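Pasted below: target-v1.pdb, PDB, C-alpha atoms.
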```
MODEL        1
ATOM      1  CA  MET A 110     126.971 418.345  26.383
ATOM      2  CA  ILE A 111     127.474 418.930  30.082
ATOM      3  CA  ALA A 112     128.481 415.277  30.468
ATOM      4  CA  VAL A 113     131.187 415.662  27.809
ATOM      5  CA  LYS A 114     132.575 418.718  29.592
ATOM      6  CA  ILE A 115     132.674 416.945  32.941
ATOM      7  CA  ILE A 116     134.227 413.794  31.483
ATOM      8  CA  ALA A 117     136.918 415.786  29.671
ATOM      9  CA  VAL A 118     137.881 417.728  32.790
ATOM     10  CA  VAL A 119     137.868 414.699  35.107
ATOM     11  CA  LEU A 120     139.880 412.561  32.679
ATOM     12  CA  GLY A 121     142.277 415.440  32.112
ATOM     13  CA  LEU A 122     142.851 415.842  35.836
ATOM     14  CA  ALA A 123     143.351 412.101  36.298
ATOM     15  CA  PHE A 124     145.880 411.861  33.465
ATOM     16  CA  VAL A 125     147.746 414.962  34.648
ATOM     17  CA  LEU A 126     147.987 413.632  38.191
ATOM     18  CA  PHE A 127     149.110 410.150  37.165
ATOM     19  CA  GLY A 128     151.576 411.569  34.653
ATOM     20  CA  TYR A 129     152.944 413.979  37.251
ATOM     21  CA  PHE A 130     153.410 411.272  39.854
ATOM     22  CA  ILE A 131     155.048 408.878  37.395
ATOM     23  CA  TYR A 132     157.274 411.344  35.535
ATOM     24  CA  PHE A 133     158.272 413.857  38.191
ATOM     25  CA  LYS A 134     157.850 411.957  41.485
ATOM     26  CA  LYS A 135     159.123 408.618  40.076
ATOM     27  CA  LYS A 136     156.253 406.582  41.487
ATOM     28  CA  TYR A 137     156.672 403.795  38.977
ATOM     29  CA  HIS A 138     154.452 401.421  40.938
ATOM     30  CA  LEU A 139     151.480 403.223  39.341
ATOM     31  CA  ILE A 140     152.321 401.470  36.057
ATOM     32  CA  ASN A 141     150.818 397.977  35.910
ATOM     33  CA  ASP A 142     153.412 395.217  36.448
ATOM     34  CA  PHE A 143     156.314 397.618  36.061
ATOM     35  CA  SER A 144     158.118 396.361  39.158
ATOM     36  CA  GLU A 145     158.081 392.756  37.961
ATOM     37  CA  ASP A 146     159.077 393.710  34.415
ATOM     38  CA  TYR A 147     161.852 395.955  35.731
ATOM     39  CA  LYS A 148     163.262 393.172  37.890
ATOM     40  CA  ALA A 149     163.091 390.753  34.952
ATOM     41  CA  GLY A 150     164.869 393.265  32.687
ATOM     42  CA  ARG A 151     162.014 393.649  30.209
ATOM     43  CA  LYS A 152     161.436 397.333  30.950
ATOM     44  CA  ASP A 153     163.693 400.112  32.157
ATOM     45  CA  GLU A 154     163.373 403.533  33.729
ATOM     46  CA  GLN A 155     163.213 405.228  30.306
ATOM     47  CA  TYR A 156     160.026 403.299  29.554
ATOM     48  CA  ALA A 157     158.435 404.541  32.782
ATOM     49  CA  LYS A 158     159.463 408.128  32.034
ATOM     50  CA  LYS A 159     157.940 407.875  28.536
ATOM     51  CA  VAL A 160     154.690 406.531  29.979
ATOM     52  CA  GLY A 161     154.581 409.306  32.576
ATOM     53  CA  LEU A 162     155.305 412.052  30.068
ATOM     54  CA  THR A 163     152.722 410.681  27.634
ATOM     55  CA  GLU A 164     150.052 410.590  30.319
ATOM     56  CA  PHE A 165     150.996 414.084  31.478
ATOM     57  CA  ILE A 166     150.705 415.540  27.958
ATOM     58  CA  ILE A 167     147.433 413.741  27.232
ATOM     59  CA  GLY A 168     146.068 415.048  30.530
ATOM     60  CA  ILE A 169     147.024 418.628  29.702
ATOM     61  CA  VAL A 170     145.338 418.349  26.303
ATOM     62  CA  LEU A 171     142.156 416.838  27.749
ATOM     63  CA  LEU A 172     142.045 419.410  30.521
ATOM     64  CA  ALA A 173     142.501 422.238  28.014
ATOM     65  CA  VAL A 174     139.759 420.826  25.787
ATOM     66  CA  GLY A 175     137.423 420.532  28.776
ATOM     67  CA  ILE A 176     138.094 424.099  29.867
ATOM     68  CA  ILE A 177     137.653 425.411  26.321
ATOM     69  CA  LEU A 178     134.350 423.548  26.066
ATOM     70  CA  ILE A 179     133.176 425.019  29.368
ATOM     71  CA  VAL A 180     134.130 428.560  28.404
ATOM     72  CA  PHE A 181     133.000 428.689  24.772
ATOM     73  CA  VAL A 182     130.164 426.173  24.440
TER      74      VAL A 182
ENDMDL
END
```
What is this file in structure tokens?
Amino acid sequence: MIAVKIIAVVLGLAFVLFGYFIYFKKKYHLINDFSEDYKAGRKDEQYAKKVGLTEFIIGIVLLAVGIILIVFV
């Protein structure tokens, strides 16, 4: 069970950090092949913002689950 707690917290932190950098700091190079797709017109800035926000929310949920597991289990 300790492994599940650690994995949840580490994944939560990773997703929160990547989501923060993509959504708030506009570091779109963290998305695979985004620069090439952006130049080719296949993807736009809205796509990158959606990816960043999704990762940020998933990270918050995973981090909360990990903390809840640590506190209550």
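For the pair atom CA of A:Ile166 and atom CA of A:Asp153, the separation is 20.6 Å.
Across the model, the gap from atom CA of A:Phe165 to atom CA of A:Phe130 is 9.2 Å.
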With 4 Å on each side, where is the centre of the axis-aligned box around all listed atoms of stretch 162-170 of chain A, and how long are its edges in Å to one decimal, as lines of an AutoDock Vina configuration file?
```
center_x = 150.3
center_y = 414.6
center_z = 28.9
size_x = 18.0
size_y = 16.0
size_z = 13.2
```
Restricting to only C-alpha atoms, whichever of A:Leu162, A:Ile177, A:Ile111, A:Ile167 is closest to A:Ala123 is A:Ile167
**Report entry** Residues matched by the PyMOL selection byres ((chain A and resi 159) around 12) as a list in words
**Finding:**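 Applying the PyMOL selection byres ((chain A and resi 159) around 12) to the structure shown produces Gly128, Tyr129, Ile131, Tyr132, Phe133, Lys135, Tyr137, Ile140, Lys152, Asp153, Glu154, Gln155, Tyr156, Ala157, Lys158, Val160, Gly161, Leu162, Thr163, Glu164, Phe165 and Ile166 of chain A.
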Name the residues, using the chain letters and numbers of the file, that sit within 10 Å of (137.0, 418.5, 28.5) when counting only C-alpha atoms, and give them as JSON, numbers by chain.
{"A": [111, 112, 113, 114, 115, 116, 117, 118, 119, 120, 121, 122, 168, 170, 171, 172, 173, 174, 175, 176, 177, 178, 179]}
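Atom CA of A:Phe124 is positioned 14.1 Å from atom CA of A:Lys136.
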